[in-house]
Number of protein chains: 6
Amino acid sequence: MMNTTFVTPHDAGAKAHTLTEALPYIRNYRGETVVVKIGGAALDDARLAEIVAEDLALLNFVGIRLVLVHGGGPQVSRAIAELGVESRFVGGLRVTDDVSMEVVRRVLVGSINADLVTRLTRAGVRAVGLAGSDGGLLRAERIVGPAGEELGRVGRIDAVDDDLVTSLLGAGYTPVIASVAPAVDGTPLNINADAVAGAVAAAVDAVKLVYLTNVSGLYRDFGMQDTVVPELQVDELRALIPSLSDGMRPKAFSAVEALDAGVNKVHVLDGRVEHALLLEIFTDEGIGTQVLP
Amino acid sequence: MMNTTFVTPHDAGAKAHTLTEALPYIRNYRGETVVVKIGGAALDDARLAEIVAEDLALLNFVGIRLVLVHGGGPQVSRAIAELGVESRFVGGLRVTDDVSMEVVRRVLVGSINADLVTRLTRAGVRAVGLAGSDGGLLRAERIVGPAGEELGRVGRIDAVDDDLVTSLLGAGYTPVIASVAPAVDGTPLNINADAVAGAVAAAVDAVKLVYLTNVSGLYRDFGMQDTVVPELQVDELRALIPSLSDGMRPKAFSAVEALDAGVNKVHVLDGRVEHALLLEIFTDEGIGTQVLP
Amino acid sequence: MMNTTFVTPHDAGAKAHTLTEALPYIRNYRGETVVVKIGGAALDDARLAEIVAEDLALLNFVGIRLVLVHGGGPQVSRAIAELGVESRFVGGLRVTDDVSMEVVRRVLVGSINADLVTRLTRAGVRAVGLAGSDGGLLRAERIVGPAGEELGRVGRIDAVDDDLVTSLLGAGYTPVIASVAPAVDGTPLNINADAVAGAVAAAVDAVKLVYLTNVSGLYRDFGMQDTVVPELQVDELRALIPSLSDGMRPKAFSAVEALDAGVNKVHVLDGRVEHALLLEIFTDEGIGTQVLP
Amino acid sequence: MMNTTFVTPHDAGAKAHTLTEALPYIRNYRGETVVVKIGGAALDDARLAEIVAEDLALLNFVGIRLVLVHGGGPQVSRAIAELGVESRFVGGLRVTDDVSMEVVRRVLVGSINADLVTRLTRAGVRAVGLAGSDGGLLRAERIVGPAGEELGRVGRIDAVDDDLVTSLLGAGYTPVIASVAPAVDGTPLNINADAVAGAVAAAVDAVKLVYLTNVSGLYRDFGMQDTVVPELQVDELRALIPSLSDGMRPKAFSAVEALDAGVNKVHVLDGRVEHALLLEIFTDEGIGTQVLP
Amino acid sequence: MMNTTFVTPHDAGAKAHTLTEALPYIRNYRGETVVVKIGGAALDDARLAEIVAEDLALLNFVGIRLVLVHGGGPQVSRAIAELGVESRFVGGLRVTDDVSMEVVRRVLVGSINADLVTRLTRAGVRAVGLAGSDGGLLRAERIVGPAGEELGRVGRIDAVDDDLVTSLLGAGYTPVIASVAPAVDGTPLNINADAVAGAVAAAVDAVKLVYLTNVSGLYRDFGMQDTVVPELQVDELRALIPSLSDGMRPKAFSAVEALDAGVNKVHVLDGRVEHALLLEIFTDEGIGTQVLP
Amino acid sequence: MMNTTFVTPHDAGAKAHTLTEALPYIRNYRGETVVVKIGGAALDDARLAEIVAEDLALLNFVGIRLVLVHGGGPQVSRAIAELGVESRFVGGLRVTDDVSMEVVRRVLVGSINADLVTRLTRAGVRAVGLAGSDGGLLRAERIVGPAGEELGRVGRIDAVDDDLVTSLLGAGYTPVIASVAPAVDGTPLNINADAVAGAVAAAVDAVKLVYLTNVSGLYRDFGMQDTVVPELQVDELRALIPSLSDGMRPKAFSAVEALDAGVNKVHVLDGRVEHALLLEIFTDEGIGTQVLP
């Protein structure tokens with residue numbers, strides 16, 4: 001008796017199914033704060049970056065309060081190389097002399113942050129770029145390498161004042177934070193962006209902290225890339241930290257700290273999968289690794 | 001290089017596509033008020049009613065302010081028949097003596113409205129059932145038939161006070177309105193639910209008024225059910241009214257009034273198509289008929 | 001020296017005296033919430049119902065936040081009798097099969113509640129009719145009779161969510177609650193209205209719960225109607241419960257529960273005395289029985 | 001069948017009747033601002049003053065926003081006489097030299113205003129005494145007598161800034177204003193209290209301005225005190241002004257100005273009638289004279 | 001290379017230095033409440049009074065919430081003398097019969113308070129004069145002299161209700177409080193203004209209480225006026241009280257009470273030094289005596 | 001009779017005089033918005049930059065809402081030179097190829113803006129760095145040189161959305177804006193900072209726009225630097241524009257536009273004079289040039 005021809009029943013049904021599958025997730029995350037660390041693919045690859053911006057816009061439009069954090073290692077390395085200087089790392093941390101630090105903040109704040117803000121704006125998000133110095137958001141202190149090596153202008157987060165972020169979220173803006181922060185004397189320091197994301201997630205009572213990475217997730221056996229662990233307890237992750245690679249260790253360490261500080265869940269997602277964010281948050285698909293408190 | 005197996009790329013891509021297709025619609029309707037007249041199938045068929053409740057919940061969760069209006073013709077006819085009385089209609093309007101009126105409001109307010117509220121509540125909507133007498137929402141006046149026939153307790157909307165509806169929407173509730181309204185002396189009158197929907201949509205500055213019906217849409221040639229008109233200007237609809245069937249005429253008339261009063265768009269949807277509401281509002285599919293001002 | 005003739009001094013003096021006698025009571029109750037269970041006479045007798053509506057309007061206008069609760073036993077019995085079914089009671093509770101339950105809610109919500117709302121509206125009160133399902137106000141669970149008898153769709157209040165009531169009071173509306181409430185699966189159950197009044201009074205922190213009844217008050221010796229007790233402590237009432245009649249027991253039981261939950265005073269008033277509410281609240285006259293915590 | 005003995009039916013009925021008669025008046029005046037000029041009897045006679053304070057408290061408790069204005073002619077005359085100075089009047093205005101002005105404001109602000117505030121406080125009103133200089137409420141300018149006589153420190157209202165009064169009313173306080181006001185250079189001037197009442201009533205959009213006087217009302221024929229006019233149009237009053245006595249003229253003039261500025265009604269009441277305010281506002285009794293725009 | 005001639009470098013530099021010296025003090029006091037007891041010179045000498053008003057305006061404009069308290073001993077004595085009555089003191093307290101009390105409040109409330117309000121208004125402060133009876137601000141109780149002497153209408157502060165003061169401060173007004181307060185039965189009592197200042201400072205959580213006096217500060221050895229103590233601990237002051245003069249004792253006693261109640265600092269300043277207030281609060285100069293908790 | 005030695009009367013008097021001289025200016029500017037374009041000396045010379053930050057903090061602390069705008073020509077030129085590229089200017093505008101644009105925004109946003117924010121933060125201002133892309137603040141469009149020369153990534157302001165700036169000001173933050181802005185397609189463009197300052201001042205209804213420059217003011221005869229004009233009408237300035245130097249022309253042009261758009265006054269101050277801002281705003285000294293509408 002159905003006499004309409006303008007709907008391809010199968011296709012419409014699939015669409016409707018997806019929309020309704022998203023319902024309980026939308027209900028749960030509405031009004032909550034989610035911190036997303038954007039790294040790797042989403043910063044390097046224009047097409048993926050475009051999709052991530054769209055996904056973030058969708059999350060935003062259904063009422064999720066987003067805080068974005070980014071670093072920009074490869075771009076910084078390229079800019080430093082252009083000056084004829086060689087990047088040097090100790091324990092995964094870039095040794096940062098004064099000249100390099102100037103490059104770091106110019107690239108992170110002047111280029112990457114501004115590009116991300118523009119991309120998000122064009123997707124309909126009212127994004128506002130921030131560095132750690134804005135509104136006294138972050139205060140850092142210098143650190144040395146694992147064996148006491150001098151690292152120059154490298155620091156770790158000492159304190160987070162979430163007033164500005166909270167005020168912007170309350171006014172409907174989406175803060176986009178670059179991973180530089182001033183020491184107590186005002187000197188800018190280079191901070192690991194994963195650590196910034198963890199500290200900010202803890203400070204704003206985020207329900208979820210997502211690391212959008214270049215890997216498929218966390219691996220049980222780190223030599224074998226086909227053993228992504230779908231779910232992990234925080235204590236299991238804590239135990240794994242010593243065996244992790246340099247790139248993965250700050251992520252894991254910050255995840256543990258954020259979970260200890262009350263964040264409900266940490267996700268390590270593969271930024272190379274299109275719409276990984278959307279699928280992770282709004283569908284029943286299991287993507288990457290989730291770490292529970 | 002993609003080494004994950006837990007996502008069926010095709011399926012995930014389709015899901016992601018649907019979610020992103022919904023994006024601009026979500027953006028446009030967020031914070032706006034949509035009035036939905038629920039009739040026919042959505043009240044008669046438990047499974048469809050369930051789906052409609054879920055769809056409304058989804059619309060609500062993405063920030064659309066919903067106002068629902070319902071009648072309940074067939075159920076009233078059954079209840080009157082149970083009393084051994086025969087239903088009589090003049091020009092599509094039920095002739096309503098005092099005993100019938102008591103049945104009308106008991107069925108509409110006591111059964112149908114309460115069932116709809118319960119269904120919506122279970123889907124996560126904070127629904128509140130209203131009759132026209134609540135908070136002075138509606139005031140009606142008696143009418144006679146097209147040829148001056150005595151219709152008894154039948155009326156039309158004389159005035160709408162949207163304070164209660166606006167206050168409930170502002171507090172996060174979804175009003176569900178039964179189509180009975182008091183005359184100035186307090187006597188309850190039986191009102192055409194399509195007309196109530198139109199009057200309320202005009203009063204609350206709705207961006208959209210949706211009639212969820214038992215037909216596929218409006219037909220250009222009303223003898224031929226395979227010629228659903230996808231889009232119509234209000235003036236074309238005005239011209240069509242005389243040729244419409246008794247059941248379609250109040251809908252068309254109220255649609256014209258609502259559009260004249262500033263409602264942006266009126267939709268006649270087929271409530272028998274699963275998730276018709278969701279597909280109409282959140283996808284590019286064309287469903288039923290839309291009437292533009 | 002007084003040279004005006006337009007005031008009958010005696011009459012004016014008496015009027016002024018009454019207005020000033022009301023002063024300290026108005027001061028004390030201003031802004032407080034009073035729950036009134038309306039029963040018996042006030043629902044059966046149009047003239048008394050009119051006066052009660054006026055009294056409630058007066059209470060409302062001097063700043064008392066009112067919540068009204070009603071049942072409708074006799075009207076339900078009549079409607080069930082019209083269907084040729086015999087009402088059956090166990091321990092004062094109506095045995096309620098599915099057909100009866102449909103009658104119960106149609107009569108309570110569709111007729112009595114709507115009539116009360118209309119009457120109050122005409123007296124100037126911005127009344128809004130509610131059933132237990134509206135805004136998730138009440139959740140009920142099924143009960144059995146005192147000897148384990150199957151009672152069908154009869155329940156007791158399991159939880160009260162006062163958000164909707166508080167929101168309506170805050171917006172200047174007067175909620176009027178019918179004594180039906182959904183079980184956790186959405187099935188509507190028939191609840192004793194006295195119990196609803198007690199549970200709501202406790203939930204909204206009422207300063208006073210008034211039972212407007214068909215009797216002169218509580219009697220010390222329940223065979224002798226001329227021994228109304230003007231005042232009682234909650235523990236005295238608790239001790240009396242076993243000896244009470246079926247009709248009085250739920251009232252007494254709910255009164256005890258409300259007082260235990262923090263309500264300051266419970267009143268049992270004779271609804272057949274004109275303006276009993278007004279005289280009790282605004283004058284020094286002692287009317288009916290008051291129970292203190 | 002009524003078996004209670006604790007209510008004298010006749011008395012209770014009369015009380016209830018008075019309370020219900022007050023209902024529509026309470027409804028109309030709730031939330032509105034009424035300015036009362038308190039003069040004569042209400043300031044001179046402790047018992048009447050007590051009753052006026054109670055009446056004002058009652059008006060306040062049912063939601064009327066009150067602004068009180070007072071002068072204090074006789075008390076000022078006594079205080080001046082105590083200094084051995086003779087009071088001199090020109091056209092009803094006290095000729096006020098610098099020494100007299102000091103007496104005027106000490107008596108009005110230091111004694112009469114403070115006593116009135118204390119009396120109102122004890123009746124339950126949160127009264128706050130004000131002079132024209134407080135919060136820049138009033139600004140005055142010097143005037144001369146009708147024939148150009150030098151009057152010394154006598155002025156008329158030049159401007160009213162209602163911010164402080166509005167702010168106090170909004171915070172639940174009742175302003176009590178003494179009729180002194182600074183000139184633009186800060187010099188305090190003696191102002192006719194009737195004129196202050198009229199100017200303030202116009203500035204705060206009062207619905208009613210009441211003059212509580214020592215006379216029964218306005219008389220058609222001013223030699224004959226038994227011809228009080230119950231009602232007058234503003235234009236009739238305007239025409240009467242030239243023929244009025246010195247004491248009545250400023251009242252009439254201010255009444256005309258207030259009505260022209262949008263005040264809905266001006267009343268001239270006999271302050272010697274107990275509870276005149278209450279009876280006028282809350283009952284159907286006609287008391288004194290009302291002037292309509 | 002500087003080619004402008006319109007700035008006298010030295011002078012401009014000094015100005016700029018003063019403005020920047022004020023900076024950290026402005027930062028610290030912004031939004032805080034400071035209570036200033038205005039006495040002696042600032043009330044007696046028109047030129048000093050003018051300067052004090054300007055200083056208070058400046059404090060107010062940079063965001064300090066001011067509450068002013070004043071007495072008026074000399075003026076009261078003069079007014080009483082004019083009546084041919086001799087002022088009598090016991091332990092620094094004026095013996096106050098009923099006639100004197102009338103003079104006290106007329107002079108304090110009617111003259112001194114109103115003059116101070118006018119002066120402040122002209123300096124740009126939105127001042128509002130208050131007596132203890134306004135808004136129930138102060139409640140007092142009678143006291144007797146140190147040896148049980150009858151003092152008549154003399155009292156001490158029993159309770160402070162800071163609602164009105166807080167409400168006025170919140171609306172941008174500056175309360176100016178005269179030191180009279182009603183007993184529980186409404187009788188006005190004469191209160192030591194230093195004690196009022198201390199009690200109000202404690203009630204409004206003032207950060208600072210300043211006594212603007214006729215002396216250079218507190219002296220270590222009270223016979224020798226050249227030994228002003230720049231700073232004192234509250235316990236040192238407590239120990240000094242018995243040895244203090246009658247005029248200084250209430251000040252010291254109230255200072256101790258205010259500090260015990262949480263006020264951060266009490267200052268005794270010389271009101272005869274021009275701009276003493278400004279210099280004390282906004283510069284590094286040490287003026288008078290400060291007492292620390 | 002003055003017996004204190006701790007105040008050098010002369011010095012204290014001068015301080016007090018300066019503070020009171022500032023009073024009427026503080027009163028007038030309180031709560032108003034002032035836009036300051038920071039250029040030249042204040043960005044190049046660390047000591048002057050420190051003083052400017054202190055001055056801005058002082059302005060901020062007395063209630064002035066500040067919006068800061070900066071460019072950074074010399075620093076950009078140095079950074080470009082480091083890349084071995086030569087800066088080229090057409091009509092005072094830097095010809096900006098894509099590589100140069102990247103340098104421009106890195107230096108302006110990543111270095112200069114962040115340094116200014118840090119400096120202000122350390123002076124007690126809650127500064128937040130912004131680029132034109134943040135919150136959609138600025139939208140620009142490409143321009144060509146006066147003779148149609150291709151300028152590359154150089155633009156002018158097309159639209160200002162002051163929501164973010166207003167929201168930050170309302171929350172107590174001080175926006176610091178770098179002069180880069182996205183074209184409609186998101187491409188960042190290099191904008192003259194003087195023009196940004198003018199457009200923002202117009203959009204936020206600033207009462208004053210201050211250009212802090214490297215010159216003493218505007219000169220009547222631009223060859224002779226000793227003829228600074230203290231005051232100019234907007235029409236006089238309009239007439240002067242053609243004769244101005246390349247560096248001064250955009251300033252003059254923007255000043256005219258800002259005045260036409262409702263800004264009350266534009267100032268050209270010499271940033272090399274210490275505390276020029278403070279002296280200009282808070283003292284009677286005339287500094288630099290003011291342009292009136």
# chains A, B, ... in the order shown; residues from 1 in each chain; ligands from 1
>>> select_by_dssp(residues="region 131-181 of chain F", states="alpha helix (DSSP H)", output="PyMOL selection string")
chain F and resi 163-170
>>> write_last_selection(atoms="C-alpha atoms", output="mmCIF file, in the first residue's frame")
data_model
loop_
_atom_site.group_PDB
_atom_site.id
_atom_site.type_symbol
_atom_site.label_atom_id
_atom_site.label_comp_id
_atom_site.auth_asym_id
_atom_site.auth_seq_id
_atom_site.Cartn_x
_atom_site.Cartn_y
_atom_site.Cartn_z
ATOM 1 C CA ASP F 163 31.161 39.396 19.953
ATOM 2 C CA LEU F 164 34.358 37.750 21.173
ATOM 3 C CA VAL F 165 35.958 41.047 22.202
ATOM 4 C CA THR F 166 32.800 42.123 24.014
ATOM 5 C CA SER F 167 32.472 38.755 25.703
ATOM 6 C CA LEU F 168 36.108 38.857 26.885
ATOM 7 C CA LEU F 169 35.759 42.455 28.120
ATOM 8 C CA GLY F 170 32.604 41.473 29.970
#
>>> residues_around(residues="Val234 (chain F)", least_positions_apart="3", cutoff="9 Å", atoms="only C-alpha atoms", output="NGL selection string")
:F and (237-239 or 255-256 or 259-260 or 291-293)
>>> write_last_selection(atoms="C-alpha atoms", output="short mmCIF file (atom, residue, chain, number, x, y, z; two decimals), in the first residue's frame")
data_model
loop_
_atom_site.label_atom_id
_atom_site.label_comp_id
_atom_site.auth_asym_id
_atom_site.auth_seq_id
_atom_site.Cartn_x
_atom_site.Cartn_y
_atom_site.Cartn_z
CA LEU F 237 42.72 66.05 9.37
CA ARG F 238 40.78 64.82 6.34
CA ALA F 239 42.16 67.73 4.38
CA ALA F 255 41.41 58.09 12.67
CA VAL F 256 39.00 59.81 10.30
CA LEU F 259 35.66 59.43 14.30
CA ASP F 260 33.09 59.21 11.52
CA VAL F 291 41.57 64.82 16.89
CA LEU F 292 37.95 65.67 17.58
CA PRO F 293 34.89 64.70 15.54
#
>>> interface_residues(of="chain C", to="chain B", cutoff="9 Å", atoms="only C-alpha atoms", output="PyMOL selection string")
chain C and resi 83+102-111+114-115+117-119+121-122+125-131+133-136+164+167-168+171+173-174+182+185-188
>>> atom_distance(atom1="CA of Val207 (chain E)", atom2="CA of Ile26 (chain E)")
13.4 Å
>>> select_by_dssp(residues="region 113-254 of chain E", states="strand (DSSP E)", output="ChimeraX atom specification")
/E:127-130,138-142,154-160,174-178,180-182,188-191,208-213,231-233
>>> atom_distance(atom1="CA of Gly148 (chain E)", atom2="CA of Arg249 (chain E)")
18.0 Å
>>> atom_distance(atom1="CA of Glu32 (chain A)", atom2="CA of Gly124 (chain B)")
17.4 Å
>>> residues_around(residues="Gly288 (chain F)", least_positions_apart="3", cutoff="12 Å", atoms="only C-alpha atoms", output="ChimeraX atom specification")
/E:3-7 /F:210-219,226-232,266-273,276-277,279-281,285,291
>>> residues_around(residues="region 55-69 of chain B", least_positions_apart="2", cutoff="6 Å", atoms="only C-alpha atoms", output="number ranges by chain")
A: 23, 62; B: 30-37, 52-53, 125, 174-177, 197, 278
